[in-house]
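Q: Here it is: the structure, laid out below.
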Number of protein chains: 2
Amino acid sequence: MARGRADDPDHGVELLWRAGGREPRQGLSLPRVVRAAVELADDEGLAGLSMRKVADRLGFTTMSLYRHVPGRGQLVDLMLDEVLGEHPRAPETGGWRARLEAVARHAWELRKRHPWLAEVRGSRHVPGPNAVAHYDYMLSTLAGTALRPSEVIAVVGMVGRFVDAEALVLVETRREERRSGVSEEEWWGSRDSLFERLDRYPMLSHLWTAGGWDQPEDSFDFGLRRLLDGIEVLVRQRDEIRDEICTECGGPLEPAPSGRPRVYCSRACQQRAYRKRRKG
Amino acid sequence: MARGRADDPDHGVELLWRAGGREPRQGLSLPRVVRAAVELADDEGLAGLSMRKVADRLGFTTMSLYRHVPGRGQLVDLMLDEVLGEHPRAPETGGWRARLEAVARHAWELRKRHPWLAEVRGSRHVPGPNAVAHYDYMLSTLAGTALRPSEVIAVVGMVGRFVDAEALVLVETRREERRSGVSEEEWWGSRDSLFERLDRYPMLSHLWTAGGWDQPEDSFDFGLRRLLDGIEVLVRQRDEIRDEICTECGGPLEPAPSGRPRVYCSRACQQRAYRKRRKG
DNA sequence: CTTTGCTGTTTATGCCGTACACGGAGAAGT
DNA sequence: ACTTCTCCGTGTACGGCATAAACAGCAAAG
C-alpha cells in the first residue's frame with residue numbers, strides 16, 4: 001500500500017531527528033540533497049528553489065530526489081534545521097536584555113547568510129534538533145526575569161517575528177535590485193509621475209521637506225531598540241510585583257511606607273522562615 | 001514595437017491614480033477585474049489568485065484580462081489600493097498612543113477581512129491614492145510628538161510590519177486548518193514522536209510543565225502593547241530633549257539647577273523674543 | 001535461481017503566467 | 001461608401017512548476 005509519505009509529518013520527524021547516517025561514497029543521499037538545496041536557495045531564494053534545479057545541481061534527474069525526500073515541503077524543513085545548526089551560542093553572561101539582543105543579532109546575521117530563511121512560510125514545520133535547541137536557548141535568555149511562562153513564550157515569538165519581518169524586507173529589496181539592475185533609490189526616484197501627486201498629503205510633504213527620508217533610521221537597529229525597551233517595561237513591571245510578594249508564602253505583601261522594605265507578609269511567615277533557616 | 005507595459009511602473013501609476021472612469025454596461029473593465037480578483041483572493045489566498053481563475057469568475061477567457069491589466073503583478077497593486085480604501089478614519093482625538101493603537105487595530109481588522117493583504121511581498125508596489133492617504137494618516141498620528149522625522153517614519157514602518165507579521169501567522173494557521181481539516185492544536189498534539197525528544201531541553205520542559213502553553217498570550221494584543229511601550233520610551237526621551245532646547249534659537253539650553261525652568265539659552269535670545277512679541 | 005528491496009529514470013498529468021497571431025466591431029478619415 | 005485604425009476578446013503555444021505511476025538495474029536474502 002502507499003505510504004503517503006509526503007503527507008506524513010511523523011516521517012518528517014524521523015528524517016529530521018535520526019542521527020547522521022552513513023554517507024554512501026557515490027550517488028545521492030539525504031544530506032547531499034539538503035546541502036544542494038541550501039546552496040540553491042542561498043543563490044536564488046526560496047521561490048527559485050525547485051526540485052528540477054536541485055537535481056540538476058547534483059547531476060541527477062528530478063524524480064531521483066523523491067527517493068530520499070518526501071517532497072518539496074519536507075525538504076524545506078530539513079534545510080531549516082540544517083542552517084539553524086550554524087547558530088552561535090551567545091555568552092551566558094550579562095542580563096536578559098544583553099542576551100536577548102545578542103540572540104536577535106545572531107538570528108539577523110544568519111538571515112543575511114541565508115536570506116530564504118525569512119521567506120519560509122507555514123505554521124506546521126516540524127522542528128529538528130537544531131531548531132529546538134535554538135528555541136530553548138532563546139527562551140532561556142528570559143529565565144532570570146519575573147515574566148510569566150506565557151509571557152516568556154510571547155516575547156520570544158515576538159522577537160523572532162520581528163527579525164523575520166525585517167529580514168524579509170531586506171531580502172526583497174536586494175532581490176529586486178539584483179533582478180532589475182536598478183537600485184531601490186533610483187527606482188523610486190524615477191517615479192516622477194507618482195511624486196507629482198503627493199503634494200496634497202500634509203504630513204507626507206512635511207516629513208519630506210524636513211528631510212525624513214534623507215538619512216533614514218537603520219530599520220533593524222531602531223526596531224530592536226524599541227522592542228527591547230517595550231519588553232523592559234514589562235520586565236520591570238513584573239519585577240516590582242515580585243518584590244511585593246511574601247518571600248515565605250508567596251502571598252501579597254503590602255509595602256512598608258518607609259524604611260526597611262518588608263519581606264514577609266505576617267509574623268507567622270516570618271517565624272516559619274526562621275524555623276526553616278535553623279533546621280537547614 | 002512592444003509597449004512592454006507589464007514592465008512599466010509608470011503605466012501602473014496611471015492605472016492606479018486615474019479618476020474612476022466610465023464603466024461599460026457589459027463586458028470587462030478594470031474595476032470589474034480588480035473586484036473579482038479581490039473576491040477570489042479573499043476566498044483562496046494570494047497563492048490561489050491566478051489569471052485563469054479570475055477570468056473564469058468573470059466568464060471570460062484568461063487572456064482577455066490582459067486587455068485591461070498589464071499582468072498579475074500590477075493586478076495585485078490595484079487590489080491593494082482597492083481594499084485600502086476600506087480603512088476607516090480613526091478619530092483625531094486622543095494622544096499619539098491612542099491614535100496609533102487605533103490605526104494598528106484597524107489595519108488588523110482589515111487583514112482579517114482580506115487575509116491575502118499580509119501575503120503581498122515585494123518592495124516596489126506603486127501606491128495608489130488610498131494607500132498614500134492611509135500612510136499619510138499613520139504618519140500624522142505622531143505629529144504631536146517631538147520625534148525626529150526619520151523616527152516618525154521608522155516607527156510607522158515598524159508598526160506596519162508588526163501588523164503584517166502577526167496577520168501572516170494568523171492567515172497561515174487558518175489556511176492550513178481549513179485545508180487539512182485538522183486544527184493546529186490537534187495537529188501538534190499528534191506529534192508524539194516529536195514530543196518524546198523534547199525532555200532534554202531544560203527551559204522548554206520547564207515552561208511546558210509551568211503551563212506556559214495552556215493559556216497563551218494573545219499574540220497581537222501582547223505584541224502591540226510592548227511595541228507601543230517601546231515607542232513611548234522614545235517619545236518621552238525626545239520630549240525631555242525638546243524641553244532642553246531654547247525656544248528662540250533652538251540651540252541647546254542648560255537646565256536651571258532649581259526653581260523656574262529656563263526657556264532661553266541667553267539674554268540675547270530672551271531679548272529677541274521680547275522684541276518679536278512687541279512687534280506683533 | 002528466484003524473490004525482494006533499494007535506487008534512479010521515464011513518461012505523463014495538471015497547474016501556472018503570458019507571448020503572439022487572429023477575428024470582429026465600431027469610429028474616423030478620405 | 002470604402003478604407004484604415006483602434007479596441008476588445010479569443011485560441012494556441014511555450015516553458016516552468018510538483019509529483020504520480022510504471023519501469024529498469026542491481027545487490028542481498030531466501
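Letters A, B, ... mark the chains of the C-alpha cells in the order given; residue numbers begin at 1 per chain; ligand numbers begin at 1, in order shown.
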Hey, list the chain C side of the contact with chain A: 12 Å cut-off, only C-alpha atoms (C1' of nucleotides), answer as a ChimeraX atom specification.
A: /C:6-11
Q: Using only C-alpha atoms, what does the table of chain B residues within 6 Å of chain A look like, with each row giving the shortest atom pair and its distance in Å to one decimal, sorted by chain and ascending number, as a tab-separated table?
A:
```
residue	atom	partner	partner_atom	distance
B:Gly122	CA	A:Glu172	CA	5.7
B:Ser123	CA	A:Thr173	CA	5.6
B:Asp136	CA	A:Leu204	CA	5.6
B:Ser140	CA	A:Met203	CA	5.7
B:Pro149	CA	A:Gly212	CA	4.5
B:Ser150	CA	A:Gly212	CA	4.3
B:Glu172	CA	A:Gly122	CA	5.6
B:Thr173	CA	A:Ser123	CA	5.6
B:Met203	CA	A:Ser140	CA	5.7
B:Leu204	CA	A:Asp136	CA	5.6
B:Leu207	CA	A:Pro149	CA	5.7
B:Gly212	CA	A:Ser150	CA	4.3
B:Pro216	CA	A:Ser150	CA	5.3
B:Arg226	CA	A:Gly230	CA	4.4
B:Leu227	CA	A:Gly230	CA	5.7
B:Asp229	CA	A:Gly230	CA	4.6
B:Gly230	CA	A:Gly230	CA	3.6
B:Ile231	CA	A:Arg226	CA	5.8
```
Q: Could you write out the selected residues, including C-alpha atoms, as a compact mmCIF listing (two decimals), in the first residue's frame?
A:
```txt
# COMPACT_ATOMS: atom_id res chain seq x y z
CA GLY B 122 7.82 42.95 -2.79
CA SER B 123 9.36 46.34 -2.18
CA ASP B 136 -0.14 59.93 5.50
CA SER B 140 0.15 62.14 11.23
CA PRO B 149 11.20 62.99 11.02
CA SER B 150 13.25 59.88 10.36
CA GLU B 172 -1.22 30.64 7.59
CA THR B 173 -2.58 28.69 10.52
CA MET B 203 13.76 25.73 29.55
CA LEU B 204 11.29 24.16 27.16
CA LEU B 207 7.82 26.26 30.64
CA GLY B 212 3.07 28.33 29.55
CA PRO B 216 -1.01 31.58 25.71
CA ARG B 226 5.10 46.01 24.07
CA LEU B 227 5.58 47.85 20.82
CA ASP B 229 5.56 50.81 25.31
CA GLY B 230 8.86 50.78 23.48
CA ILE B 231 7.82 53.68 21.28
```
Q: Please provide the set of residues having any atom within 12 Å of C:DG14, restricted to only C-alpha atoms (C1' of nucleotides), with same-chain residues fewer than 6 positions apart removed, written as an NGL selection string.
A: :D and (17-20)
Q: Per DSSP on the backbone, what are the helix (DSSP H, G or I) residues of stretch 12-253 of chain B, as a PyMOL selection string?
A: chain B and resi 12-17+30-44+51-58+62-67+72-84+96-113+115-119+129-140+149-180+184-189+192-200+202-209+219-243
Q: To one decimal place in Å, what is the distance between atom C1' of C:DG26 and atom CA of B:Ala55?
A: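 Atom-to-atom, atom C1' of C:DG26 and atom CA of B:Ala55 are spaced 24.7 Å apart.
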Q: Write out as a list in words the residues lying within 10 Å of D:DC5, counting only C-alpha atoms (C1' of nucleotides) and excluding same-chain residues fewer than 3 positions away.
A: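 Once the nearby chain positions are removed, what remains is DA27, DA28 and DG29 of chain C.
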Q: Could the residues in this selection be written to a file with N, CA and C atoms (P, O5', C5', C4', C3', O3' and C1' of nucleotides), as a PDB file, in the first residue's frame?
A:
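The file below, selection-v6.pdb, is the result:
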```
ATOM      1  P    DA C  27     -19.366  53.722 -32.949  1.00  0.00           P
ATOM      2  O5'  DA C  27     -18.027  54.528 -33.227  1.00  0.00           O
ATOM      3  C5'  DA C  27     -16.914  54.382 -32.344  1.00  0.00           C
ATOM      4  C4'  DA C  27     -15.707  55.106 -32.914  1.00  0.00           C
ATOM      5  C3'  DA C  27     -16.027  56.455 -33.560  1.00  0.00           C
ATOM      6  O3'  DA C  27     -15.000  57.373 -33.202  1.00  0.00           O
ATOM      7  C1'  DA C  27     -15.024  55.026 -35.166  1.00  0.00           C
ATOM      8  P    DA C  28     -15.081  58.916 -33.644  1.00  0.00           P
ATOM      9  O5'  DA C  28     -14.015  58.939 -34.835  1.00  0.00           O
ATOM     10  C5'  DA C  28     -12.785  58.229 -34.673  1.00  0.00           C
ATOM     11  C4'  DA C  28     -11.878  58.499 -35.871  1.00  0.00           C
ATOM     12  C3'  DA C  28     -12.101  59.858 -36.524  1.00  0.00           C
ATOM     13  O3'  DA C  28     -10.832  60.409 -36.856  1.00  0.00           O
ATOM     14  C1'  DA C  28     -12.503  58.123 -38.101  1.00  0.00           C
ATOM     15  P    DG C  29     -10.705  61.845 -37.558  1.00  0.00           P
ATOM     16  O5'  DG C  29     -10.271  61.389 -39.024  1.00  0.00           O
ATOM     17  C5'  DG C  29      -9.209  60.440 -39.164  1.00  0.00           C
ATOM     18  C4'  DG C  29      -8.987  60.099 -40.627  1.00  0.00           C
ATOM     19  C3'  DG C  29      -9.025  61.297 -41.577  1.00  0.00           C
ATOM     20  O3'  DG C  29      -8.001  61.130 -42.564  1.00  0.00           O
ATOM     21  C1'  DG C  29     -10.655  59.719 -42.243  1.00  0.00           C
TER      22       DG C  29
END
```
Q: Closest to chain D among A:Arg35, A:Arg18, A:Arg52, A:Arg236, using only C-alpha atoms (C1' of nucleotides)?
A: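 Closest residue, counting only C-alpha atoms (C1' of nucleotides): A:Arg52.
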Q: With chain B laid on chain A by least squares, using all C-alpha atoms in order, how large is the RMSD?
A: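 After least-squares fitting, the two copies differ by 0.4 Å C-alpha RMSD.
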Q: Do me a favour and pick out the residues of chain A within 8 Å of chain D, using only C-alpha atoms (C1' of nucleotides), as a VMD selection string.
A: chain A and resid 50 to 51 72
Q: If you measure from atom CA of A:Leu78 to atom CA of A:Val34, what distance in Å do you get, rounded to one decimal?
A: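 Between these atoms lies a distance of 6.7 Å.
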Q: Provide the atom CA of A:Arg32 to atom CA of A:Gly160 distance in Å, to one decimal place.
A: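 Calculated distance between atom CA of A:Arg32 and atom CA of A:Gly160 is 28.7 Å.
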